[in-house]
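K.L.:
Got a file for you: my_file-v4.txt, compact mmCIF, C-alpha atoms.
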# COMPACT_ATOMS: atom_id res chain seq x y z
CA MET A 1 0.00 0.00 0.00
CA GLU A 2 1.45 3.28 -1.11
CA GLN A 3 1.68 5.87 1.64
CA TYR A 4 0.76 9.40 0.71
CA THR A 5 1.56 12.43 2.82
CA ARG A 6 -1.11 14.38 4.59
CA ALA A 7 -0.33 17.38 2.42
CA GLU A 8 -0.90 15.35 -0.75
CA LEU A 9 -4.19 14.00 0.55
CA VAL A 10 -5.37 17.42 1.73
CA SER A 11 -4.45 18.96 -1.61
CA SER A 12 -6.38 16.35 -3.58
CA ARG A 13 -9.29 16.03 -1.17
CA GLU A 14 -11.86 17.42 -3.60
CA SER A 15 -10.78 15.01 -6.29
CA LEU A 16 -10.94 12.07 -3.91
CA TRP A 17 -14.37 13.02 -2.62
CA ALA A 18 -15.64 13.48 -6.17
CA ILE A 19 -15.14 9.76 -6.87
CA CYS A 20 -14.87 8.00 -3.49
CA GLY A 21 -17.31 10.23 -1.62
CA ALA A 22 -19.96 7.51 -1.36
CA ALA A 23 -17.45 5.05 0.07
CA PHE A 24 -16.23 7.59 2.62
CA GLN A 25 -19.77 8.40 3.64
CA ALA A 26 -20.70 4.72 3.99
CA TYR A 27 -17.59 4.09 6.09
CA GLU A 28 -18.34 7.00 8.40
CA ASN A 29 -21.97 5.88 8.75
CA CYS A 30 -20.81 2.37 9.60
CA LYS A 31 -18.44 3.80 12.22
CA LEU A 32 -21.27 5.79 13.75
CA GLU A 33 -23.56 2.77 13.82
CA LYS A 34 -21.20 0.01 14.89
CA GLY A 35 -18.74 1.88 17.06
CA ASP A 36 -14.98 2.03 16.99
CA ASP A 37 -14.32 -1.67 16.45
CA PRO A 38 -12.02 -1.87 13.41
CA GLU A 39 -13.25 -5.31 12.46
CA ALA A 40 -16.90 -4.26 12.27
CA CYS A 41 -16.32 -1.97 9.27
CA LEU A 42 -13.39 -3.80 7.71
CA LYS A 43 -14.96 -4.16 4.26
CA LYS A 44 -15.79 -0.49 4.14
CA SER A 45 -12.36 0.56 5.33
CA ILE A 46 -10.83 -1.63 2.61
CA ALA A 47 -13.13 0.07 0.10
CA VAL A 48 -12.03 3.51 1.33
CA THR A 49 -8.33 2.71 1.15
CA GLY A 50 -8.63 0.91 -2.16
CA CYS A 51 -10.50 3.76 -3.81
CA THR A 52 -8.07 6.32 -2.38
CA GLN A 53 -5.08 4.33 -3.59
CA LYS A 54 -6.54 3.99 -7.05
CA ILE A 55 -7.32 7.68 -7.44
CA MET A 56 -4.05 8.81 -5.94
CA LYS A 57 -2.17 6.49 -8.27
CA ASP A 58 -3.91 8.10 -11.24
CA ILE A 59 -3.26 11.60 -9.92
CA VAL A 60 0.43 10.83 -9.42
CA ALA A 61 0.63 9.33 -12.90
CA LEU A 62 -1.19 12.11 -14.74
CA CYS A 63 -0.96 15.27 -12.58
CA ASN A 64 2.29 14.82 -10.71
CA PRO A 65 3.71 18.36 -11.13
CA GLU A 66 0.44 19.97 -10.03
CA LEU A 67 0.13 17.62 -7.08
CA LYS A 68 3.72 18.27 -6.01
CA GLU A 69 3.29 22.03 -6.27
CA SER A 70 0.06 21.97 -4.31
CA ALA A 71 1.45 19.69 -1.60
CA THR A 72 4.59 21.80 -1.25
CA CYS A 73 2.50 24.95 -0.87
CA CYS A 74 0.35 23.23 1.74
CA GLU A 75 3.39 22.04 3.69
CA GLU A 76 5.05 25.42 3.56
CA ASN A 77 1.91 27.10 4.91
CA ASN A 78 1.62 24.89 7.98
CA MET A 79 -0.96 22.55 6.38
CA ARG A 80 -3.16 25.50 5.49
CA THR A 81 -4.72 25.46 2.03
CA LEU A 82 -6.42 28.85 1.95
CA LYS A 83 -3.16 30.42 0.84
CA CYS A 84 -2.73 28.13 -2.16
CA PRO A 85 -5.84 28.67 -4.30
CA ASN A 86 -3.91 28.81 -7.58
CA GLU A 87 -2.09 25.53 -7.01
CA GLU A 88 -5.31 23.81 -5.99
CA LYS A 89 -7.11 25.19 -9.00
CA ALA A 90 -4.39 23.85 -11.30
CA LEU A 91 -4.59 20.42 -9.67
CA GLU A 92 -8.38 20.35 -9.91
CA ASN A 93 -8.28 21.36 -13.57
CA CYS A 94 -5.74 18.65 -14.32
CA PHE A 95 -7.87 16.10 -12.45
CA GLU A 96 -11.04 17.09 -14.29
CA ASN A 97 -9.32 16.94 -17.67
CA ASN A 98 -7.19 13.81 -17.25
CA VAL A 99 -8.43 11.59 -14.43
CA LEU A 100 -12.16 12.20 -14.05
CA PRO A 101 -13.14 11.15 -17.63
CA LYS A 102 -11.80 7.66 -16.87
CA TYR A 103 -14.42 7.18 -14.18
CA LYS A 104 -17.44 8.54 -16.01
CA MET B 105 35.71 102.79 1.17
CA THR B 106 36.83 105.89 2.91
CA ILE B 107 35.33 107.20 6.08
CA ASN B 108 34.66 110.85 6.44
CA TYR B 109 35.29 111.54 10.11
CA ARG B 110 34.10 115.09 9.79
CA GLN B 111 30.53 114.14 9.08
CA ARG B 112 27.93 114.83 11.71
CA TRP B 113 26.96 111.80 13.76
CA VAL B 114 23.23 111.21 13.84
CA GLN B 115 21.70 108.82 16.30
CA ASP B 116 18.86 106.56 15.06
CA LEU B 117 15.68 107.16 16.94
CA PRO B 118 12.70 104.86 17.45
CA PRO B 119 9.88 105.25 14.96
CA VAL B 120 7.25 107.76 15.60
CA GLY B 121 4.86 106.44 18.21
CA GLY B 122 7.41 103.98 19.57
CA TYR B 123 8.18 100.37 18.88
CA PRO B 124 5.27 97.89 18.98
CA LYS B 125 4.58 96.35 22.33
CA ILE B 126 6.34 93.07 23.07
CA HIS B 127 4.08 90.28 24.44
CA PHE B 128 6.39 88.82 27.02
CA GLY B 129 3.72 87.62 29.36
CA ARG B 130 2.66 83.98 29.82
CA ARG B 131 0.41 82.73 27.05
CA SER B 132 -1.66 79.59 27.62
CA PRO B 133 -2.84 77.44 24.69
CA PRO B 134 -6.41 77.74 23.52
CA PRO B 135 -8.58 75.62 25.79
CA VAL B 136 -9.76 72.13 24.59
CA SER B 137 -13.05 71.06 26.00
CA GLY B 138 -13.36 67.82 27.94
CA TYR B 139 -16.21 66.66 25.78
CA TRP B 140 -14.07 67.03 22.69
CA MET B 141 -11.20 65.02 24.17
CA PHE B 142 -13.66 62.38 25.39
CA GLY B 143 -15.21 62.15 21.95
CA VAL B 144 -11.89 61.91 20.12
CA THR B 145 -10.62 59.22 22.51
CA PHE B 146 -13.71 57.10 22.08
CA ALA B 147 -13.73 57.63 18.34
CA LEU B 148 -10.12 56.36 18.12
CA MET B 149 -10.91 53.42 20.36
CA GLY B 150 -13.93 52.63 18.26
CA VAL B 151 -11.90 52.60 15.06
CA GLY B 152 -9.27 50.36 16.66
CA HIS B 153 -11.87 47.95 17.96
CA TYR B 154 -13.62 47.84 14.62
CA ILE B 155 -10.38 46.99 12.79
CA PHE B 156 -9.35 44.39 15.37
CA LEU B 157 -12.72 42.65 15.60
CA LYS B 158 -13.21 42.63 11.85
CA ASP B 159 -9.80 40.99 11.46
CA LYS B 160 -10.53 38.55 14.25
CA ILE B 161 -13.84 37.47 12.75
CA ALA B 162 -12.09 36.93 9.42
CA ARG B 163 -9.37 34.88 11.13
CA ILE B 164 -11.91 32.70 12.93
CA ALA B 165 -13.79 32.09 9.68
CA ASP B 166 -10.52 31.16 7.94
CA GLU B 167 -9.61 28.77 10.72
CA GLU B 168 -13.02 27.10 10.52
CA GLU B 169 -12.62 26.69 6.78
CA GLU B 170 -9.15 25.21 7.24
CA ASN B 171 -10.43 22.76 9.83
CA ARG B 172 -13.30 21.80 7.55
CA ARG B 173 -10.86 21.10 4.75
CA LEU B 174 -8.63 19.02 7.02
CA THR B 175 -11.59 16.85 8.07
CA TYR B 176 -12.04 15.70 4.47
CA ILE B 177 -9.12 13.27 4.82
CA LEU B 178 -10.25 11.83 8.16
CA PRO B 179 -12.06 8.78 6.70
CA ILE B 180 -8.93 7.87 4.75
CA ILE B 181 -6.69 8.10 7.80
CA GLN B 182 -9.19 6.27 9.98
CA ALA B 183 -9.58 3.44 7.48
CA GLU B 184 -5.80 3.10 7.10
CA ASN B 185 -5.44 3.02 10.86
CA ASP B 186 -8.07 0.29 11.15
CA ILE B 187 -6.36 -1.87 8.55
CA ASN B 188 -2.92 -1.32 10.07
CA PHE B 189 -4.29 -2.16 13.50
CA LEU B 190 -5.82 -5.42 12.31
CA ALA B 191 -2.70 -6.28 10.35
CA SER B 192 -0.41 -5.56 13.29
CA PRO B 193 1.77 -8.50 14.33
CA HIS B 194 0.72 -8.34 17.97
CA LYS B 195 -1.33 -11.16 19.38
CA ASN B 196 -4.31 -10.54 21.60
CA VAL B 197 -4.73 -6.98 20.41
CA TYR B 198 -8.18 -6.90 21.94
CA HIS B 199 -7.04 -8.08 25.33
CA THR B 200 -3.85 -6.06 25.70
CA ARG B 201 -4.28 -3.18 28.06
CA TYR B 202 -2.03 -0.51 29.41
CA MET B 203 -0.29 -1.71 32.56
CA PRO B 204 0.31 1.04 35.09
CA PRO B 205 3.73 1.21 36.75
CA GLN B 206 3.97 -1.05 39.78
CA THR B 207 4.60 1.22 42.74
CA PRO B 208 5.21 -0.18 46.22
CA HIS B 209 1.91 -0.32 47.98
CA LYS B 210 0.11 -2.51 50.50
CA ARG B 211 1.63 -5.73 49.24
CA THR B 212 5.18 -4.50 49.74
CA TYR B 213 4.53 -3.53 53.31
CA ALA B 214 2.54 -6.69 54.06
CA ALA B 215 5.72 -8.74 54.06
CA LEU B 216 7.21 -6.62 56.80
CA PRO B 217 6.31 -7.14 60.47
CA LYS B 218 3.40 -4.97 61.53
CA ARG B 219 5.05 -3.77 64.67
CA LEU B 220 7.31 -1.55 62.60
CA PHE B 221 4.31 0.58 61.69
CA GLU B 222 2.64 0.63 65.06
CA GLU B 223 2.60 3.96 66.76
CA LYS B 224 4.50 4.16 70.02
CA HIS B 225 2.80 5.96 72.87
Show how you would write the structure in this file as structure tokens.
P.N.:
Amino acid sequence: MEQYTRAELVSSRESLWAICGAAFQAYENCKLEKGDDPEACLKKSIAVTGCTQKIMKDIVALCNPELKESATCCEENNMRTLKCPNEEKALENCFENNVLPKYK
Amino acid sequence: MTINYRQRWVQDLPPVGGYPKIHFGRRSPPPVSGYWMFGVTFALMGVGHYIFLKDKIARIADEEEENRRLTYILPIIQAENDINFLASPHKNVYHTRYMPPQTPHKRTYAALPKRLFEEKH
């Protein structure tokens, strides 16, 4: 399982939620219903990680410069993303043009 | 330039009617009313408070937005944690609990003869 930094995940959060949003929501609902037992929602947690890995792999393959720029900006601003609107916009545009059509 | 010492010396006299009067007495500044000072002070304080509070409200809103954005990755982190926890090499993960440090307590002193702790009258 590839490990991605928090900055990379925060930068590409909109892209991830655009595709894996339903899985995230189902996982959170399961957690609320069944408590904190990791085994109770194992299938949903596997779905969440699998979807995230898949999308992140595509983003790294197709939008690596934008992702790197956005993550660097996020890291340099103490994990704050309000100061990097241009970088995020570039990443989102790249995602919409290159990655999103694959999943439609 | 030559000086003619034979010329008649004439002393300069003050202008007709005398020199103008010199105001050498103490002069106090024009009075500022208390109401005016009160008003200016509160106006300045009001402007300062307005700027500060406006900035603070904006900062709080920004912080809320940042926190909201950070929460978007929580399911991912939580799911990864769950999987890592279940895949951890430890046995009995459900039954392992934190063991507090063993400090000398009743049991330590139980081995010693009780008379050591009896008060002497």
K.L.:
Mind dumping a table of every chain B residue within 6 Å of chain A, with the nearest atom pair and its distance in Å to one decimal, using only C-alpha atoms, sorted by chain and rising number, as JSON lines?
P.N.:
{"residue": "B:Pro179", "atom": "CA", "partner": "A:Phe24", "partner_atom": "CA", "distance": 6.0}
{"residue": "B:Ala183", "atom": "CA", "partner": "A:Ser45", "partner_atom": "CA", "distance": 4.5}
{"residue": "B:Asp186", "atom": "CA", "partner": "A:Pro38", "partner_atom": "CA", "distance": 5.0}
K.L.:
Keeping only C-alpha atoms, take the residues you just selected and write them out as a PDB file, in the frame of the given file.
P.N.:
ATOM      1  CA  PRO B 179     -12.060   8.780   6.700  1.00  0.00           C
ATOM      2  CA  ALA B 183      -9.580   3.440   7.480  1.00  0.00           C
ATOM      3  CA  ASP B 186      -8.070   0.290  11.150  1.00  0.00           C
TER       4      ASP B 186
END
K.L.:
Could you state the separation of CA of Cys84 (chain A) and CA of Gln182 (chain B) in Å, given to one decimal place?
P.N.:
25.8 Å
K.L.:
Can you work out the spacing between CA of Lys83 (chain A) and CA of Glu66 (chain A) in Å, to one decimal?
P.N.:
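Computed distance, CA of Lys83 (chain A) to CA of Glu66 (chain A), equals 15.5 Å.
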K.L.:
Please report the interatomic distance between CA of Ile180 (chain B) and CA of Ile19 (chain A) in Å with one decimal.
P.N.:
13.3 Å
K.L.:
So which residues touch region 88-101 of chain A within 7 Å, counting all atoms listed in the file, skipping near sequence neighbours fewer than 6 positions away, as a count of residues only?
P.N.:
9
